[in-house]
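Heads up, protein-v7.txt below (compact mmCIF, C-alpha atoms):
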```
# COMPACT_ATOMS: atom_id res chain seq x y z
CA MET F 287 0.00 0.00 0.00
CA ARG F 288 2.83 2.38 0.92
CA HIS F 289 4.58 1.75 -2.43
CA ALA F 290 1.32 2.36 -4.30
CA ARG F 291 0.87 5.71 -2.58
CA ARG F 292 4.44 6.68 -3.49
CA ARG F 293 3.84 5.84 -7.13
CA ILE F 294 0.67 7.96 -7.17
CA VAL F 295 2.51 10.91 -5.60
CA ARG F 296 5.37 10.63 -8.10
CA ARG F 297 3.00 10.49 -11.07
CA ALA F 298 1.04 13.49 -9.80
CA ALA F 299 4.28 15.45 -9.37
CA ARG F 300 5.42 14.60 -12.91
CA LEU F 301 2.04 15.61 -14.38
CA ALA F 302 2.12 18.89 -12.44
CA ALA F 303 5.65 19.60 -13.70
CA VAL F 304 4.67 18.90 -17.32
CA GLY F 305 1.63 21.13 -16.91
CA GLY F 306 3.87 23.85 -15.50
CA LEU F 307 6.13 23.63 -18.54
CA LEU F 308 3.16 24.05 -20.89
CA LEU F 309 1.73 26.94 -18.84
CA GLY F 310 5.09 28.71 -18.60
CA GLY F 311 5.70 28.33 -22.33
CA THR F 312 2.26 29.83 -23.07
CA MET F 313 2.92 32.76 -20.72
CA VAL F 314 6.26 33.53 -22.37
CA THR F 315 4.74 33.32 -25.87
CA ARG F 316 1.85 35.63 -25.02
CA ALA F 317 4.10 38.13 -23.28
CA VAL F 318 6.45 38.33 -26.26
CA ALA F 319 3.63 38.51 -28.84
CA GLY F 320 1.29 40.84 -26.99
CA GLU F 321 3.46 43.65 -25.63
CA PRO F 322 5.22 46.51 -27.39
CA PRO F 323 8.97 46.48 -26.78
CA GLY F 324 10.14 48.09 -23.56
CA PRO F 325 12.69 50.88 -23.33
CA SER F 326 15.61 48.52 -22.93
CA ALA F 327 14.47 46.04 -25.58
CA ALA F 328 15.94 45.94 -29.06
CA PRO F 329 13.25 46.78 -31.61
CA ARG F 330 11.91 43.97 -33.74
CA THR F 331 12.55 44.67 -37.43
CA LEU F 332 10.53 42.10 -39.39
CA ALA F 333 7.76 44.51 -40.40
CA GLN F 334 10.27 47.30 -41.03
CA THR F 335 12.27 45.05 -43.34
CA ALA F 336 9.16 43.94 -45.25
CA SER F 337 7.95 47.53 -45.59
CA GLY F 338 11.34 48.68 -46.85
CA ALA F 339 11.49 45.86 -49.39
CA GLY F 340 8.03 46.69 -50.74
CA ALA F 341 8.74 50.41 -50.90
CA GLY F 342 12.01 49.78 -52.72
CA LEU F 343 10.31 47.64 -55.36
CA VAL F 344 7.55 50.21 -55.92
CA ALA F 345 10.10 53.00 -56.29
CA ARG F 346 12.20 50.96 -58.74
CA LEU F 347 9.32 49.68 -60.90
CA GLY F 348 7.37 52.95 -61.04
CA GLY F 349 3.81 54.13 -60.52
CA ASP F 350 2.56 52.96 -63.94
CA ARG F 351 3.48 49.32 -63.26
CA THR F 352 2.66 49.11 -59.57
CA ALA F 353 -0.20 50.18 -57.27
CA GLY F 354 1.24 50.24 -53.78
CA HIS F 355 2.55 47.68 -51.32
CA TRP F 356 1.57 46.24 -47.94
CA VAL F 357 2.60 43.73 -45.30
CA ASP F 358 0.58 40.50 -45.12
CA ALA F 359 -0.50 38.68 -41.96
CA ASP F 360 2.81 36.80 -41.87
CA GLY F 361 4.88 39.98 -42.14
CA ARG F 362 5.90 39.44 -45.78
CA PRO F 363 5.90 42.22 -48.41
CA VAL F 364 3.17 42.20 -51.05
CA VAL F 365 3.32 44.47 -54.12
CA ALA F 366 0.35 45.28 -56.36
CA VAL F 367 1.36 45.10 -60.05
CA THR F 368 -0.42 45.76 -63.33
CA ASP F 369 1.16 43.14 -65.62
CA GLY F 370 2.78 39.72 -65.65
CA SER F 371 6.34 40.84 -66.36
CA THR F 372 6.27 43.20 -63.36
CA ALA F 373 4.84 40.38 -61.24
CA GLU F 374 7.75 38.17 -62.20
CA ALA F 375 10.25 40.89 -61.27
CA VAL F 376 8.60 41.23 -57.85
CA ARG F 377 8.75 37.45 -57.25
CA ARG F 378 12.41 37.33 -58.25
CA ALA F 379 13.06 39.98 -55.59
CA GLY F 380 11.52 37.71 -52.96
CA ALA F 381 8.16 39.48 -52.50
CA THR F 382 4.60 38.40 -53.27
CA ALA F 383 2.97 39.93 -56.36
CA LYS F 384 -0.75 40.64 -56.72
CA GLU F 385 -2.00 41.63 -60.18
CA VAL F 386 -4.54 44.48 -60.21
CA ARG F 387 -6.34 46.53 -62.85
CA HIS F 388 -5.45 50.08 -61.82
CA SER F 389 -1.98 51.56 -61.35
CA MET F 390 -0.80 53.94 -58.67
CA THR F 391 -0.89 56.71 -61.24
CA GLU F 392 -4.61 56.10 -61.78
CA LEU F 393 -5.34 55.94 -58.05
CA ARG F 394 -3.55 59.22 -57.40
CA SER F 395 -5.29 60.86 -60.35
CA ALA F 396 -8.65 59.83 -58.88
CA ALA F 397 -7.70 61.31 -55.51
CA ALA F 398 -6.65 64.56 -57.21
CA THR F 399 -10.04 64.76 -58.96
CA LEU F 400 -11.82 64.33 -55.60
CA ARG F 401 -9.68 67.10 -54.07
CA SER F 402 -10.56 69.46 -56.90
CA ALA F 403 -14.30 68.93 -56.36
CA PRO F 404 -16.25 71.29 -54.04
CA ARG F 405 -15.21 70.61 -50.46
CA VAL F 406 -17.67 68.62 -48.32
CA PRO F 407 -16.92 68.69 -44.55
CA GLY F 408 -17.36 65.29 -42.94
CA THR F 409 -15.86 63.33 -45.83
CA ALA F 410 -12.54 61.53 -46.22
CA TRP F 411 -10.84 59.36 -48.80
CA ALA F 412 -7.73 57.21 -48.98
CA LEU F 413 -5.91 54.84 -51.34
CA ASP F 414 -6.74 51.22 -50.43
CA TYR F 415 -3.88 49.28 -52.00
CA ARG F 416 -5.24 45.86 -51.11
CA SER F 417 -8.60 46.37 -52.84
CA ASN F 418 -7.06 48.56 -55.59
CA GLU F 419 -9.63 51.26 -54.94
CA VAL F 420 -10.00 54.79 -53.69
CA VAL F 421 -12.39 54.58 -50.73
CA VAL F 422 -14.54 57.65 -50.02
CA ARG F 423 -16.29 57.87 -46.64
CA GLY F 424 -18.96 60.26 -45.44
CA ASP F 425 -19.96 60.71 -41.80
CA ARG F 426 -23.46 61.35 -40.46
CA THR F 427 -23.10 65.14 -40.81
CA VAL F 428 -22.97 64.94 -44.63
CA SER F 429 -26.32 65.83 -46.17
CA GLY F 430 -28.00 63.68 -48.79
CA ALA F 431 -27.53 66.35 -51.44
CA ASP F 432 -23.79 66.71 -50.77
CA TRP F 433 -23.33 62.93 -50.73
CA SER F 434 -25.18 62.59 -54.01
CA ARG F 435 -23.05 65.32 -55.61
CA LEU F 436 -19.83 63.64 -54.44
CA THR F 437 -21.10 60.27 -55.65
CA GLY F 438 -21.54 61.79 -59.09
CA VAL F 439 -17.90 62.90 -59.08
CA ALA F 440 -16.82 59.38 -58.08
CA GLU F 441 -18.89 57.76 -60.83
CA GLY F 442 -17.29 60.08 -63.35
CA ILE F 443 -13.84 58.85 -62.30
CA GLY F 444 -14.60 55.15 -62.71
CA GLY F 445 -15.62 51.98 -60.96
CA PHE F 446 -12.58 51.84 -58.72
CA VAL F 447 -13.87 54.61 -56.41
CA ARG F 448 -15.92 53.05 -53.59
CA MET F 449 -18.42 55.15 -51.62
CA GLU F 450 -19.11 54.30 -47.96
CA ARG F 451 -21.16 55.88 -45.19
CA THR F 452 -19.63 55.71 -41.71
CA GLU F 453 -20.95 56.17 -38.19
CA GLY F 454 -19.72 58.98 -36.00
CA VAL F 455 -18.18 62.28 -37.08
CA PHE F 456 -14.75 63.04 -38.54
CA THR F 457 -13.27 65.48 -36.04
CA THR F 458 -9.89 66.55 -34.76
CA ARG F 459 -9.21 64.94 -31.39
CA LEU F 460 -8.65 68.14 -29.43
CA ASN F 461 -9.43 68.16 -25.78
CA GLY F 462 -2.24 61.55 -25.39
CA ALA F 463 0.89 60.23 -24.30
CA GLU F 464 0.95 62.86 -21.49
CA PRO F 465 -1.68 65.65 -21.31
CA ILE F 466 -0.73 69.20 -22.21
CA LEU F 467 -3.17 72.03 -21.54
CA SER F 468 -3.79 75.49 -22.98
CA THR F 469 -6.64 77.93 -23.40
CA ALA F 470 -7.37 76.15 -26.72
CA GLY F 471 -8.08 72.85 -24.94
CA ARG F 472 -6.27 69.64 -24.04
CA CYS F 473 -3.95 67.65 -26.30
CA SER F 474 -1.27 64.99 -25.92
CA ALA F 475 2.49 65.35 -26.18
CA GLY F 476 3.91 63.69 -29.26
CA PHE F 477 7.66 63.19 -29.80
CA ASN F 478 10.60 65.22 -28.48
CA VAL F 479 12.63 66.83 -31.27
CA THR F 480 15.51 69.27 -31.51
CA ASP F 481 16.92 71.80 -33.96
CA GLY F 482 20.40 71.39 -32.44
CA THR F 483 19.98 74.31 -30.07
CA SER F 484 16.59 73.95 -28.37
CA ASP F 485 14.24 71.04 -27.70
CA PHE F 486 10.56 70.91 -28.67
CA ILE F 487 7.45 68.76 -28.47
CA LEU F 488 6.15 67.84 -31.92
CA THR F 489 2.37 67.51 -31.67
CA ALA F 490 -0.76 68.16 -33.75
CA GLY F 491 -1.17 71.50 -35.51
CA HIS F 492 -4.88 71.84 -34.73
CA CYS F 493 -4.12 71.82 -30.99
CA GLY F 494 -3.39 75.53 -31.00
CA PRO F 495 -2.03 78.39 -33.11
CA THR F 496 1.45 79.88 -32.84
CA GLY F 497 1.81 81.64 -29.51
CA SER F 498 -0.32 79.15 -27.54
CA VAL F 499 1.07 78.59 -24.03
CA TRP F 500 1.05 74.99 -22.72
CA PHE F 501 0.93 73.65 -19.19
CA GLY F 502 1.41 70.17 -17.72
CA ASP F 503 1.11 68.18 -14.48
CA GLY F 504 -2.59 67.55 -15.18
CA LYS F 505 -3.54 70.69 -13.19
CA GLY F 506 -2.25 73.36 -15.52
CA ASP F 507 0.09 74.82 -12.89
CA ARG F 508 3.45 74.04 -14.58
CA GLN F 509 4.27 75.82 -17.82
CA ILE F 510 5.80 73.48 -20.39
CA GLY F 511 6.34 75.81 -23.29
CA ARG F 512 4.89 77.82 -26.15
CA THR F 513 3.89 76.94 -29.74
CA VAL F 514 6.45 78.50 -32.07
CA ALA F 515 5.56 76.95 -35.46
CA GLY F 516 2.95 74.75 -37.10
CA SER F 517 0.70 73.98 -40.03
CA PHE F 518 -3.07 73.40 -40.02
CA PRO F 519 -5.12 72.83 -42.14
CA GLY F 520 -3.29 71.36 -45.12
CA ASP F 521 -0.96 69.56 -42.70
CA ASP F 522 -1.48 68.86 -39.00
CA PHE F 523 1.71 69.44 -36.97
CA SER F 524 3.18 72.04 -34.64
CA LEU F 525 6.23 72.69 -32.43
CA VAL F 526 6.02 73.53 -28.73
CA GLU F 527 9.34 74.93 -27.49
CA TYR F 528 10.21 73.89 -23.94
CA ALA F 529 10.20 76.78 -21.49
CA GLY F 530 13.66 75.81 -20.26
CA GLY F 531 14.95 74.94 -23.72
CA LYS F 532 15.60 71.27 -22.85
CA ALA F 533 13.36 68.21 -22.81
CA GLY F 534 15.00 66.66 -19.74
CA ASP F 535 15.52 63.01 -18.85
CA ALA F 536 13.90 60.09 -20.71
CA ALA F 537 13.20 62.29 -23.71
CA ASP F 538 13.34 59.22 -25.95
CA VAL F 539 10.56 57.38 -24.08
CA VAL F 540 6.87 57.33 -25.04
CA ALA F 541 4.53 57.00 -22.07
CA VAL F 542 2.08 54.09 -22.37
CA GLY F 543 0.36 54.31 -18.97
CA GLY F 544 0.95 52.81 -15.55
CA GLY F 545 4.28 54.60 -15.21
CA LYS F 546 5.70 52.60 -18.12
CA GLY F 547 7.12 53.63 -21.45
CA VAL F 548 8.53 52.46 -24.78
CA ARG F 549 11.91 53.67 -26.00
CA ILE F 550 11.84 55.14 -29.51
CA THR F 551 14.86 54.30 -31.68
CA GLY F 552 14.23 56.26 -34.88
CA THR F 553 11.70 57.35 -37.49
CA GLY F 554 10.17 55.50 -40.42
CA GLU F 555 7.43 55.27 -43.02
CA PRO F 556 4.48 52.96 -42.26
CA ALA F 557 3.19 50.20 -44.54
CA VAL F 558 -0.41 49.12 -45.09
CA GLY F 559 -1.10 46.12 -42.88
CA GLN F 560 1.60 47.03 -40.36
CA ARG F 561 0.77 46.63 -36.66
CA VAL F 562 1.02 49.97 -34.85
CA PHE F 563 0.53 51.39 -31.34
CA ARG F 564 -0.85 54.77 -30.32
CA SER F 565 -0.63 56.42 -26.89
CA GLY F 566 -2.86 59.23 -25.69
CA SER F 567 -3.77 60.97 -22.46
CA THR F 568 -7.47 60.11 -22.78
CA SER F 569 -7.55 56.50 -23.90
CA GLY F 570 -3.98 55.35 -23.10
CA LEU F 571 -2.18 52.71 -25.18
CA ARG F 572 -4.14 51.27 -28.11
CA GLU F 573 -3.14 49.10 -31.04
CA GLY F 574 -4.33 48.31 -34.54
CA ARG F 575 -3.11 48.26 -38.13
CA VAL F 576 -2.46 50.71 -40.93
CA THR F 577 -5.38 50.43 -43.37
CA ALA F 578 -4.48 53.02 -46.03
CA LEU F 579 -2.05 55.81 -46.90
CA ASP F 580 -2.22 59.25 -48.50
CA ALA F 581 -5.60 59.92 -46.88
CA THR F 582 -7.47 63.22 -47.18
CA VAL F 583 -9.87 64.31 -44.41
CA ASN F 584 -12.28 67.24 -44.67
CA TYR F 585 -12.54 68.35 -41.04
CA PRO F 586 -14.97 71.14 -40.15
CA GLU F 587 -11.90 73.39 -39.62
CA GLY F 588 -10.33 72.57 -42.99
CA THR F 589 -8.87 69.85 -45.22
CA VAL F 590 -5.75 67.88 -44.30
CA THR F 591 -3.99 65.66 -46.86
CA GLY F 592 -1.29 62.98 -46.87
CA LEU F 593 -2.44 61.30 -43.66
CA ILE F 594 -2.01 57.71 -42.44
CA GLU F 595 -5.34 55.87 -42.01
CA THR F 596 -5.62 53.21 -39.28
CA ASP F 597 -8.21 51.17 -37.41
CA VAL F 598 -6.72 52.23 -34.05
CA CYS F 599 -9.31 53.95 -31.86
CA ALA F 600 -8.87 57.43 -30.37
CA GLU F 601 -10.91 59.92 -28.36
CA PRO F 602 -10.92 63.67 -27.68
CA GLY F 603 -7.71 64.63 -25.87
CA ASP F 604 -5.60 62.10 -27.77
CA SER F 605 -4.68 64.69 -30.42
CA GLY F 606 -0.97 64.97 -31.06
CA GLY F 607 -0.16 61.71 -29.26
CA PRO F 608 2.54 59.45 -30.71
CA MET F 609 2.05 56.50 -33.07
CA PHE F 610 4.90 54.00 -33.27
CA SER F 611 5.74 50.43 -34.20
CA GLU F 612 8.66 48.25 -33.07
CA GLY F 613 10.33 51.26 -31.47
CA VAL F 614 10.06 53.37 -34.63
CA ALA F 615 8.21 56.72 -34.57
CA LEU F 616 5.65 57.00 -37.38
CA GLY F 617 3.27 59.91 -36.75
CA VAL F 618 1.14 62.02 -34.41
CA THR F 619 -2.63 61.73 -33.92
CA SER F 620 -4.68 64.06 -36.11
CA GLY F 621 -8.34 63.00 -35.85
CA GLY F 622 -10.95 60.47 -36.87
CA SER F 623 -14.35 59.04 -36.07
CA GLY F 624 -15.72 56.65 -33.44
CA ASP F 625 -14.35 55.94 -29.98
CA CYS F 626 -12.60 53.19 -28.02
CA ALA F 627 -15.89 51.58 -26.95
CA LYS F 628 -17.19 50.94 -30.47
CA GLY F 629 -13.98 51.33 -32.48
CA GLY F 630 -13.42 53.66 -35.37
CA THR F 631 -10.96 55.18 -37.83
CA THR F 632 -8.06 57.39 -36.77
CA PHE F 633 -5.75 59.46 -38.98
CA PHE F 634 -2.14 60.42 -38.26
CA GLN F 635 0.20 63.11 -39.55
CA PRO F 636 3.34 61.31 -40.88
CA LEU F 637 6.35 62.22 -38.75
CA PRO F 638 9.16 62.39 -41.37
CA GLU F 639 7.21 64.94 -43.43
CA ALA F 640 6.52 67.09 -40.37
CA MET F 641 10.15 67.04 -39.20
CA ALA F 642 11.42 67.92 -42.65
CA ALA F 643 9.06 70.89 -42.88
CA LEU F 644 9.99 72.13 -39.41
CA GLY F 645 13.74 71.52 -39.74
CA VAL F 646 14.05 69.31 -36.65
CA ARG F 647 15.12 65.77 -35.80
CA LEU F 648 14.31 63.34 -33.02
CA VAL F 649 16.18 63.89 -29.75
CA VAL F 650 19.12 61.50 -29.43
CA SER F 651 19.45 59.36 -26.29
CA GLY F 652 22.64 58.70 -24.37
CA ARG F 653 23.82 62.30 -24.27
CA ASP F 654 24.51 65.02 -21.74
CA GLY F 655 21.60 67.37 -22.11
CA ALA F 656 18.56 66.89 -24.26
CA ALA F 657 19.85 68.50 -27.42
CA ALA F 658 23.02 66.96 -28.66
CA GLY F 659 24.41 68.25 -31.88
CA THR F 660 24.53 64.85 -33.53
CA SER F 661 21.95 63.76 -36.06
CA ALA F 662 19.45 60.95 -35.58
CA PRO F 663 19.27 58.79 -38.69
CA PRO F 664 16.31 56.40 -38.84
CA ALA F 665 18.00 53.25 -37.62
CA THR F 666 20.07 54.74 -34.83
CA GLY F 667 19.14 55.25 -31.23
CA ALA F 668 16.71 57.70 -30.00
CA ALA F 669 14.10 60.06 -30.13
CA GLY F 670 10.93 59.96 -28.60
CA ALA F 671 8.64 61.60 -26.40
CA GLY F 672 5.28 62.07 -25.21
CA ALA F 673 7.66 60.91 -22.58
CA SER F 674 6.48 60.63 -19.03
CA GLY F 675 5.66 64.12 -17.96
CA ALA F 676 6.25 65.57 -21.41
CA GLY F 677 9.98 65.49 -20.93
CA ALA F 678 10.16 64.38 -17.31
CA SER F 679 11.85 61.16 -16.31
CA ALA F 680 10.15 57.80 -16.66
CA PRO F 681 11.26 55.97 -13.48
CA ALA F 682 9.38 52.77 -14.20
CA THR F 683 11.15 52.21 -17.46
CA GLY F 684 14.24 54.41 -17.67
CA ALA F 685 17.55 53.31 -19.05
CA GLY F 686 18.48 51.76 -15.75
CA GLY F 687 15.22 49.88 -15.79
CA THR F 688 13.25 48.57 -12.83
CA PRO F 689 14.85 46.12 -10.39
CA LEU F 690 15.19 42.61 -11.78
CA LEU F 691 12.75 41.15 -9.25
CA ALA F 692 10.07 43.69 -10.17
CA ARG F 693 10.49 42.97 -13.87
CA LEU F 694 10.28 39.23 -13.32
CA ALA F 695 7.16 39.61 -11.21
CA ASP F 696 5.36 41.77 -13.77
CA ARG F 697 2.74 39.49 -15.34
CA ARG F 698 3.00 41.44 -18.62
CA ASN F 699 6.66 40.46 -19.05
CA VAL F 700 8.26 37.11 -19.81
CA GLY F 701 9.63 36.81 -16.24
CA PRO F 702 6.69 34.93 -14.67
CA GLY F 703 6.61 32.44 -17.54
CA LEU F 704 10.33 31.79 -17.28
CA LEU F 705 10.02 31.26 -13.53
CA VAL F 706 7.22 28.72 -14.06
CA VAL F 707 9.29 26.89 -16.70
CA ALA F 708 12.36 26.82 -14.43
CA GLY F 709 10.34 25.56 -11.46
CA SER F 710 8.75 22.85 -13.55
CA LEU F 711 12.14 21.66 -14.83
CA VAL F 712 13.45 21.50 -11.26
CA ALA F 713 10.38 19.50 -10.22
CA LEU F 714 10.87 17.03 -13.09
CA VAL F 715 14.55 16.52 -12.25
CA ALA F 716 13.75 16.12 -8.54
CA THR F 717 11.05 13.49 -9.11
CA ARG F 718 13.35 11.57 -11.43
CA TRP F 719 16.19 11.68 -8.88
CA ILE F 720 13.89 10.56 -6.03
CA ARG F 721 12.62 7.64 -8.09
CA THR F 722 16.16 6.61 -9.01
CA GLU F 723 17.24 6.71 -5.34
CA GLN F 724 14.24 4.69 -4.25
CA ASP F 725 14.85 2.08 -6.95
CA ARG F 726 18.52 1.87 -5.95
CA LYS F 727 17.66 1.35 -2.27
CA ALA F 728 15.06 -1.28 -3.12
CA TYR F 729 17.58 -3.15 -5.24
CA ARG F 730 20.15 -3.10 -2.41
CA ARG F 731 17.60 -4.43 0.05
CA GLN F 732 16.60 -7.24 -2.31
CA TYR F 733 20.23 -8.06 -3.12
CA SER F 734 21.19 -8.13 0.54
CA ALA F 735 18.28 -10.40 1.42
CA THR F 736 19.15 -12.77 -1.41
CA TRP F 737 22.85 -12.82 -0.49
CA ASN F 738 22.13 -13.52 3.13
```
Re-express the file's structure as structure tokens.
Amino acid sequence: MRHARRRIVRRAARLAAVGGLLLGGTMVTRAVAGEPPGPSAAPRTLAQTASGAGAGLVARLGGDRTAGHWVDADGRPVVAVTDGSTAEAVRRAGATAKEVRHSMTELRSAAATLRSAPRVPGTAWALDYRSNEVVVRGDRTVSGADWSRLTGVAEGIGGFVRMERTEGVFTTRLNGAEPILSTAGRCSAGFNVTDGTSDFILTAGHCGPTGSVWFGDGKGDRQIGRTVAGSFPGDDFSLVEYAGGKAGDAADVVAVGGGKGVRITGTGEPAVGQRVFRSGSTSGLREGRVTALDATVNYPEGTVTGLIETDVCAEPGDSGGPMFSEGVALGVTSGGSGDCAKGGTTFFQPLPEAMAALGVRLVVSGRDGAAAGTSAPPATGAAGAGASGAGASAPATGAGGTPLLARLADRRNVGPGLLVVAGSLVALVATRWIRTEQDRKAYRRQYSATWN
């Protein structure tokens, strides 16, 4: 009876250890797949590589033979092409080719025709590379007569312009990562940038005109800076110069809530299908995918062109907040429709275009002072912002990081899963060793009895 109980205990221990291995492996997998990289993590580059490969092929083959590119569900580049010979060239380059009827030149010509038509507030359109169409959307504020008139323009272009009605209202998201306040309303800090002499917050242009004074700390009792340049409508970006001239510590970290942040390592261009994250002071960290590029939105205040369209949700107050992917800064929140309860469409001002127009670059990390004179090329370290406290330090995720024990105990990191795996392996080894010892002792007893 005693031996039977021992066998049952050993089997139960082995089963528990195997179960622990499976559970720990699942925890590690989910932590790695579900979280954006932390400040000390090296950025993943699979999507960036695929996007760069697709963009390079489109640039080399030209707008008459191609119609855009995107990243598929497996992270591989896909290029839309208009003929078989171009498709073969794309396949030889290692990408997937999809033959379509209409070229990029035709899609852009259709968008230009829509822009030249009488402006209708509450409408937006973008180039949908995957469907090879120009998609026109109208919110609930667009009257039947205006929608009918715009539909007539679309029909005159051709069958590749798709008309859709959408719920909600296309608005700027005034009112982020961290909140910044002025008499114009509440917005979110975007990315910290520098002109080599002073540091700035790059945020949305509709947040306030030049001369707007901004405050932080959530109570409006600490002056952050003043808007010194910007563009809206047409574009949607502006520069807020820090009152002290410097961004401070952790200027390359984007706040994502809970005292945590993500370190930004450079700038880049997004690709359709790419997974992206957005942080804002109203709705916090949200994720989704890029759905279209070169979008035009007719806000009540004016028309903005060249935007990034996504299915990431946003709400009032998220304006100007940072959008990033794999540690790469992509844009700042402009506006959209819907909310984070029902979902919606959100548009972003591309970051490289804004920085080029303003003559600034992302703040470089690992320097004495916030504005080093060195440049920040896309693949090198640094840049970010919307950092904790709009330039304040981010103690939970700074360069030094949190203590090892705290990181291992955080259920959103891989630490707990690794601990479960390690414990399960120890349990398996222990049960095997105990069984071996018991078998050895039993053999000695039997041998001794037989010998005697």
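Take the candidates F:Trp356, F:Phe633, F:Phe477, F:Trp500 and check each one against F:Ala615 using all atoms listed in the file; the shortest distance goes to F:Phe477.
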* Structure fact -> A straight line from atom CA of F:Val421 to atom CA of F:Gly349 spans 18.9 Å
* To do: Choose the residue, out of F:Pro519, F:Phe501, F:Ala490, F:Ser434, that has the smallest atom-to-atom separation from F:Gly588; count all atoms listed in the file.
  =>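 Going through F:Pro519, F:Phe501, F:Ala490, F:Ser434 one by one, the smallest distance to F:Gly588 is for F:Pro519.
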* Using only C-alpha atoms, which of F:Gly645, F:Val712, F:Arg416, F:Met390 sits nearest F:Gly482? ->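 Of the candidates, the smallest distance to F:Gly482 is held by F:Gly645.
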* For atom CA of F:Val618 and atom CA of F:Pro556, determine how far apart the two atoms are, in Å to one decimal place. =>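 Interatomic distance, atom CA of F:Val618 to atom CA of F:Pro556: 12.4 Å.
The two atoms in question, atom CA of F:Gly380 and atom CA of F:His355, are spaced 13.5 Å apart.
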* Asked: Hey, which of F:Ala403, F:Ile466, F:Ser623, F:Arg448 ends up closest to F:Leu436? Count all atoms listed in the file.
  ->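 Closest candidate: F:Ala403.
Remark: for F:Gly606, the closest of the candidate residues F:Ala396, F:Ala470, F:Val540, F:Ala475 is F:Ala475 (distances computed over only C-alpha atoms).
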* To do: Point out the residue among F:Thr631, F:Thr596, F:Ser402, F:Ser611 with the least atom-to-atom distance to F:Arg549, counting only C-alpha atoms.
  =>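 Result for the nearest residue to F:Arg549: F:Ser611.
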Residue neighbourhood F:Gly442, 12 Å, only C-alpha atoms, exclusion window fewer than 3 positions, as a compact mmCIF listing (two decimals) with C-alpha atoms, keeping the file's coordinate frame:
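Writing the result to around.txt gives the following:
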```
# COMPACT_ATOMS: atom_id res chain seq x y z
CA ALA F 396 -8.65 59.83 -58.88
CA THR F 399 -10.04 64.76 -58.96
CA LEU F 400 -11.82 64.33 -55.60
CA ALA F 403 -14.30 68.93 -56.36
CA ARG F 435 -23.05 65.32 -55.61
CA LEU F 436 -19.83 63.64 -54.44
CA THR F 437 -21.10 60.27 -55.65
CA GLY F 438 -21.54 61.79 -59.09
CA VAL F 439 -17.90 62.90 -59.08
CA GLY F 445 -15.62 51.98 -60.96
CA PHE F 446 -12.58 51.84 -58.72
CA VAL F 447 -13.87 54.61 -56.41
```
* Within 12 Å of (-19.2, 73.9, -44.4) (coordinates as in the file), grab all the protein and nucleic acid residues, counting only C-alpha atoms, and write them out as a PyMOL selection string. => chain F and resi 404-409+427-429+432+584-589
